[in-house]
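Data block below; observations after.
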Amino acid sequence: MVTAPEDPAAAIAAVIGLRRLADRMEREAVERAVDDGWTWQQIAQALGVTRQAAHKRHAARLRDRGRRTED
Amino acid sequence: MNPFKALDDMRTIKQLLTDAERIAREMGEEEPGAEHLLLSAIGLPDGSAARACAAVGVDAGRIRAALREEQAEALVSVGVPREQAEAMADPAPLGPAGAPLLYGAGPSAREAFQAAGTMARSAKQRLAGAHVVAAVAEMERGTTARVLHRMGVDRVQLGDAARAELAAR
């Protein structure tokens, strides 16, 4: 059960921590989805964003990852 | 304005912002915050930021460790078991930015960077790392303020140490 701290500064710090964790989980999940052959349309649907938004957020990083793997 | 001073400032700005971005990405963040700008300032060759921080017992390694603690404690505070929270707080580096993201700093880094620039201009000084330290020390809220507090650093003392460095230039 998640409970937010009473103190607003601590609660906002918790939000930042959760957001950072969510961003990291999103990056890792999208990488696995791409590895499993998902299309950008499917990834966008799953994330609840437009295809353009999903692509903008993740495509460059995944291209770089591909380049680094090939090196 | 002296053209050599302007050129020097441009070099400092470029190094400050590119290093802040690199440090942020190494720590798994897509855009730098004031905490990454501070770490970048500590690495600047003028040495003033590193000396100001050393005067209050702080170096880059301590800041990085306190940032990880801050992230872990944030997750513990909402009920994540400590062991998992600490594992999740370990940085997951993003690798270099593929796209030209140069100067794509987050709001807190922009605020600190602009305040540092304003301070340098009003004192007619070349931009130095200690201007960034003085600007960061003024920030009352946010990750950097919390991390300084976590390390037991008094922001007023840190600001004074940065201003003493600048006065000696």
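As shown in the structure tokens, the chain order sets the letters A, B, ...; within each chain, residues go from 1, and ligands are also counted from 1 in the order they appear.
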Practice problem: Specify as number ranges by chain all residues of chain A found within 10 Å of chain B, counting only C-alpha atoms. | Solution: A: 1-5, 9-18, 20-21, 23-25, 27, 60-65, 67-68
Going by DSSP on the backbone, which residues of chain A come out as helix (DSSP H, G or I)? List them as a short mmCIF file (atom, residue, chain, number, x, y, z; two decimals) with N, CA and C atoms, in the first residue's frame.
```
data_model
loop_
_atom_site.label_atom_id
_atom_site.label_comp_id
_atom_site.auth_asym_id
_atom_site.auth_seq_id
_atom_site.Cartn_x
_atom_site.Cartn_y
_atom_site.Cartn_z
N PRO A 8 4.71 18.27 2.78
CA PRO A 8 4.67 18.47 1.32
C PRO A 8 6.02 18.31 0.64
N ALA A 9 7.11 18.77 1.29
CA ALA A 9 8.43 18.64 0.66
C ALA A 9 8.79 17.17 0.48
N ALA A 10 8.50 16.36 1.50
CA ALA A 10 8.80 14.92 1.42
C ALA A 10 7.88 14.26 0.39
N ALA A 11 6.62 14.71 0.33
CA ALA A 11 5.67 14.11 -0.63
C ALA A 11 6.10 14.43 -2.06
N ILE A 12 6.56 15.66 -2.30
CA ILE A 12 7.00 16.03 -3.65
C ILE A 12 8.28 15.28 -4.01
N ALA A 13 9.18 15.11 -3.03
CA ALA A 13 10.40 14.33 -3.28
C ALA A 13 10.04 12.89 -3.64
N ALA A 14 8.99 12.36 -2.99
CA ALA A 14 8.54 11.00 -3.30
C ALA A 14 8.00 10.93 -4.72
N VAL A 15 7.26 11.98 -5.12
CA VAL A 15 6.71 12.02 -6.49
C VAL A 15 7.86 12.00 -7.50
N ILE A 16 8.91 12.79 -7.23
CA ILE A 16 10.06 12.83 -8.14
C ILE A 16 10.70 11.44 -8.24
N GLY A 17 10.86 10.79 -7.08
CA GLY A 17 11.44 9.45 -7.07
C GLY A 17 10.60 8.46 -7.86
N LEU A 18 9.29 8.53 -7.69
CA LEU A 18 8.39 7.61 -8.42
C LEU A 18 8.41 7.90 -9.92
N ARG A 19 8.45 9.19 -10.27
CA ARG A 19 8.46 9.57 -11.69
C ARG A 19 9.74 9.05 -12.35
N ARG A 20 10.86 9.19 -11.62
CA ARG A 20 12.14 8.73 -12.15
C ARG A 20 12.11 7.21 -12.34
N LEU A 21 11.52 6.52 -11.36
CA LEU A 21 11.40 5.07 -11.45
C LEU A 21 10.49 4.68 -12.61
N ALA A 22 9.35 5.41 -12.77
CA ALA A 22 8.41 5.11 -13.85
C ALA A 22 9.08 5.33 -15.21
N ASP A 23 9.87 6.40 -15.33
CA ASP A 23 10.57 6.67 -16.60
C ASP A 23 11.52 5.53 -16.93
N ARG A 24 12.22 5.06 -15.90
CA ARG A 24 13.18 3.98 -16.11
C ARG A 24 12.46 2.68 -16.51
N MET A 25 11.35 2.39 -15.82
CA MET A 25 10.58 1.18 -16.16
C MET A 25 10.03 1.28 -17.58
N GLU A 26 9.59 2.50 -17.97
CA GLU A 26 9.04 2.68 -19.32
C GLU A 26 10.13 2.42 -20.37
N ARG A 27 11.33 2.97 -20.13
CA ARG A 27 12.42 2.79 -21.10
C ARG A 27 12.74 1.30 -21.26
N GLU A 28 12.83 0.59 -20.11
CA GLU A 28 13.20 -0.83 -20.16
C GLU A 28 12.10 -1.66 -20.83
N ALA A 29 10.83 -1.32 -20.52
CA ALA A 29 9.71 -2.09 -21.08
C ALA A 29 9.62 -1.87 -22.59
N VAL A 30 9.82 -0.63 -23.04
CA VAL A 30 9.74 -0.34 -24.48
C VAL A 30 10.88 -1.05 -25.21
N GLU A 31 12.06 -1.08 -24.60
CA GLU A 31 13.18 -1.80 -25.24
C GLU A 31 12.84 -3.27 -25.42
N ARG A 32 12.22 -3.86 -24.38
CA ARG A 32 11.87 -5.29 -24.49
C ARG A 32 10.79 -5.49 -25.55
N ALA A 33 9.83 -4.55 -25.60
CA ALA A 33 8.75 -4.66 -26.59
C ALA A 33 9.32 -4.60 -28.01
N VAL A 34 10.26 -3.67 -28.24
CA VAL A 34 10.88 -3.56 -29.56
C VAL A 34 11.63 -4.85 -29.89
N ASP A 35 12.37 -5.38 -28.89
CA ASP A 35 13.10 -6.64 -29.10
C ASP A 35 12.14 -7.78 -29.46
N TRP A 40 5.68 0.49 -33.52
CA TRP A 40 5.52 1.74 -32.75
C TRP A 40 4.05 2.00 -32.47
N GLN A 41 3.17 1.56 -33.40
CA GLN A 41 1.73 1.75 -33.17
C GLN A 41 1.28 0.95 -31.94
N GLN A 42 1.78 -0.28 -31.82
CA GLN A 42 1.41 -1.13 -30.66
C GLN A 42 1.97 -0.55 -29.36
N ILE A 43 3.22 -0.08 -29.42
CA ILE A 43 3.84 0.50 -28.22
C ILE A 43 3.06 1.74 -27.78
N ALA A 44 2.69 2.57 -28.77
CA ALA A 44 1.95 3.80 -28.47
C ALA A 44 0.60 3.47 -27.84
N GLN A 45 -0.09 2.46 -28.40
CA GLN A 45 -1.39 2.05 -27.85
C GLN A 45 -1.24 1.60 -26.41
N ALA A 46 -0.21 0.79 -26.17
CA ALA A 46 0.00 0.26 -24.82
C ALA A 46 0.32 1.37 -23.82
N LEU A 47 1.08 2.36 -24.28
CA LEU A 47 1.46 3.47 -23.39
C LEU A 47 0.34 4.50 -23.25
N ARG A 51 1.41 7.68 -31.60
CA ARG A 51 2.58 7.00 -32.17
C ARG A 51 3.76 7.98 -32.24
N GLN A 52 3.44 9.23 -32.63
CA GLN A 52 4.51 10.24 -32.73
C GLN A 52 5.18 10.47 -31.38
N ALA A 53 4.36 10.53 -30.31
CA ALA A 53 4.90 10.80 -28.97
C ALA A 53 5.80 9.65 -28.52
N ALA A 54 5.36 8.41 -28.77
CA ALA A 54 6.15 7.23 -28.38
C ALA A 54 7.47 7.22 -29.14
N HIS A 55 7.39 7.52 -30.44
CA HIS A 55 8.57 7.51 -31.29
C HIS A 55 9.55 8.58 -30.84
N LYS A 56 9.01 9.78 -30.60
CA LYS A 56 9.86 10.91 -30.21
C LYS A 56 10.60 10.59 -28.90
N ARG A 57 9.89 9.93 -27.99
CA ARG A 57 10.46 9.68 -26.66
C ARG A 57 11.50 8.56 -26.68
N HIS A 58 11.34 7.60 -27.55
CA HIS A 58 12.17 6.39 -27.43
C HIS A 58 13.03 6.03 -28.63
N ALA A 59 12.65 6.50 -29.83
CA ALA A 59 13.30 5.96 -31.04
C ALA A 59 14.79 6.27 -31.09
N ALA A 60 15.19 7.51 -30.77
CA ALA A 60 16.60 7.89 -30.89
C ALA A 60 17.46 7.03 -29.96
N ARG A 61 16.96 6.83 -28.72
CA ARG A 61 17.73 6.05 -27.76
C ARG A 61 17.90 4.60 -28.25
N LEU A 62 16.82 4.05 -28.82
CA LEU A 62 16.88 2.66 -29.28
C LEU A 62 17.81 2.53 -30.49
N ARG A 63 17.80 3.57 -31.35
CA ARG A 63 18.75 3.56 -32.49
C ARG A 63 20.18 3.54 -31.95
N ASP A 64 20.45 4.39 -30.95
CA ASP A 64 21.80 4.47 -30.37
C ASP A 64 22.18 3.13 -29.74
N ARG A 65 21.22 2.53 -29.08
CA ARG A 65 21.49 1.24 -28.44
C ARG A 65 21.90 0.23 -29.51
N GLY A 66 21.19 0.25 -30.65
CA GLY A 66 21.50 -0.64 -31.77
C GLY A 66 22.91 -0.41 -32.26
N ARG A 67 23.27 0.90 -32.38
CA ARG A 67 24.62 1.24 -32.87
C ARG A 67 25.68 0.74 -31.90
N ARG A 68 25.40 0.92 -30.58
CA ARG A 68 26.40 0.51 -29.60
C ARG A 68 26.58 -1.01 -29.60
N THR A 69 25.44 -1.73 -29.81
CA THR A 69 25.49 -3.20 -29.82
C THR A 69 26.31 -3.69 -31.02
N GLU A 70 26.18 -2.94 -32.15
CA GLU A 70 26.90 -3.36 -33.35
C GLU A 70 28.39 -3.10 -33.23
#
```
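Atom CA of B:Ala55 to atom CA of B:Glu35 spans 18.1 Å [interatomic distance, one decimal].
Here atom CA of B:Ile63 is placed at a distance of 9.2 Å from atom CA of B:Leu38.
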**OP:** Write out as a PyMOL selection string which residues come within 9 Å of B:Leu158 when counting only C-alpha atoms, dropping same-chain ones fewer than 6 positions away.
**Re:** chain B and resi 52-53+55-56+133-134+137
Output file for the selection above: C-alpha atoms, as an mmCIF file, in the first residue's frame:
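As a result, again.cif now contains:
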```cif
data_model
loop_
_atom_site.group_PDB
_atom_site.id
_atom_site.type_symbol
_atom_site.label_atom_id
_atom_site.label_comp_id
_atom_site.auth_asym_id
_atom_site.auth_seq_id
_atom_site.Cartn_x
_atom_site.Cartn_y
_atom_site.Cartn_z
ATOM 1 C CA ALA B 52 33.915 26.428 -2.451
ATOM 2 C CA CYS B 53 32.376 22.982 -1.944
ATOM 3 C CA ALA B 55 35.237 24.567 2.236
ATOM 4 C CA VAL B 56 31.983 23.015 3.523
ATOM 5 C CA VAL B 133 27.621 27.125 -6.552
ATOM 6 C CA ALA B 134 26.375 30.504 -5.262
ATOM 7 C CA ALA B 137 22.982 27.613 -2.720
#
```
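With only C-alpha atoms as the atoms that count, the residue of B:Pro32, B:Gly152, B:Pro81, B:Gly104 with the shortest distance to B:Arg62 is B:Gly152.
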Between B:Arg126, B:Lys5, B:Arg64, B:Arg51, smallest distance to B:Met27 by only C-alpha atoms belongs to B:Arg64
Atom CA of B:Ala167 sits from atom CA of B:Glu140 at a separation of 23.5 Å
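Summary of the local environment: counting only C-alpha atoms, residues at most 10 Å from B:His131, other than itself and those fewer than 4 positions away along its chain, are Ala41, Ser48, Ala49, Ala112, Phe113, Ala115, Ala116, Gly117, Thr118, Met119, Ala120, Gln125, Arg126, Leu127, Ala135, Val136, Ala137, Gly159, Ala162, Arg163, Glu165 and Leu166 of chain B.
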Based on the selection just made, write C-alpha atoms of those residues as a short mmCIF file (atom, residue, chain, number, x, y, z; two decimals), in the first residue's frame.
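Result written to again_36.cif:
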```
data_model
loop_
_atom_site.label_atom_id
_atom_site.label_comp_id
_atom_site.auth_asym_id
_atom_site.auth_seq_id
_atom_site.Cartn_x
_atom_site.Cartn_y
_atom_site.Cartn_z
CA ALA B 41 30.68 23.19 -12.13
CA SER B 48 36.48 27.70 -7.84
CA ALA B 49 33.39 25.50 -7.44
CA ALA B 112 20.65 27.95 -11.60
CA PHE B 113 22.46 28.64 -14.88
CA ALA B 115 21.16 33.08 -11.88
CA ALA B 116 24.90 32.26 -12.17
CA GLY B 117 25.14 34.26 -15.40
CA THR B 118 23.29 37.22 -13.90
CA MET B 119 25.63 37.17 -10.89
CA ALA B 120 28.75 37.11 -13.08
CA GLN B 125 33.36 38.85 -13.74
CA ARG B 126 34.08 35.97 -16.07
CA LEU B 127 31.64 33.13 -15.46
CA ALA B 135 23.26 30.22 -7.47
CA VAL B 136 22.53 26.64 -6.38
CA ALA B 137 22.98 27.61 -2.72
CA GLY B 159 26.91 30.52 -0.61
CA ALA B 162 31.34 30.54 -3.14
CA ARG B 163 31.28 34.33 -2.75
CA GLU B 165 36.08 32.31 -3.93
CA LEU B 166 34.68 34.91 -6.31
#
```
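In terms of minimum interatomic distance to B:Ser108, B:Glu31 ranks closest within B:Asp160, B:Glu31, B:Asp8, B:Asp90, counting only C-alpha atoms.
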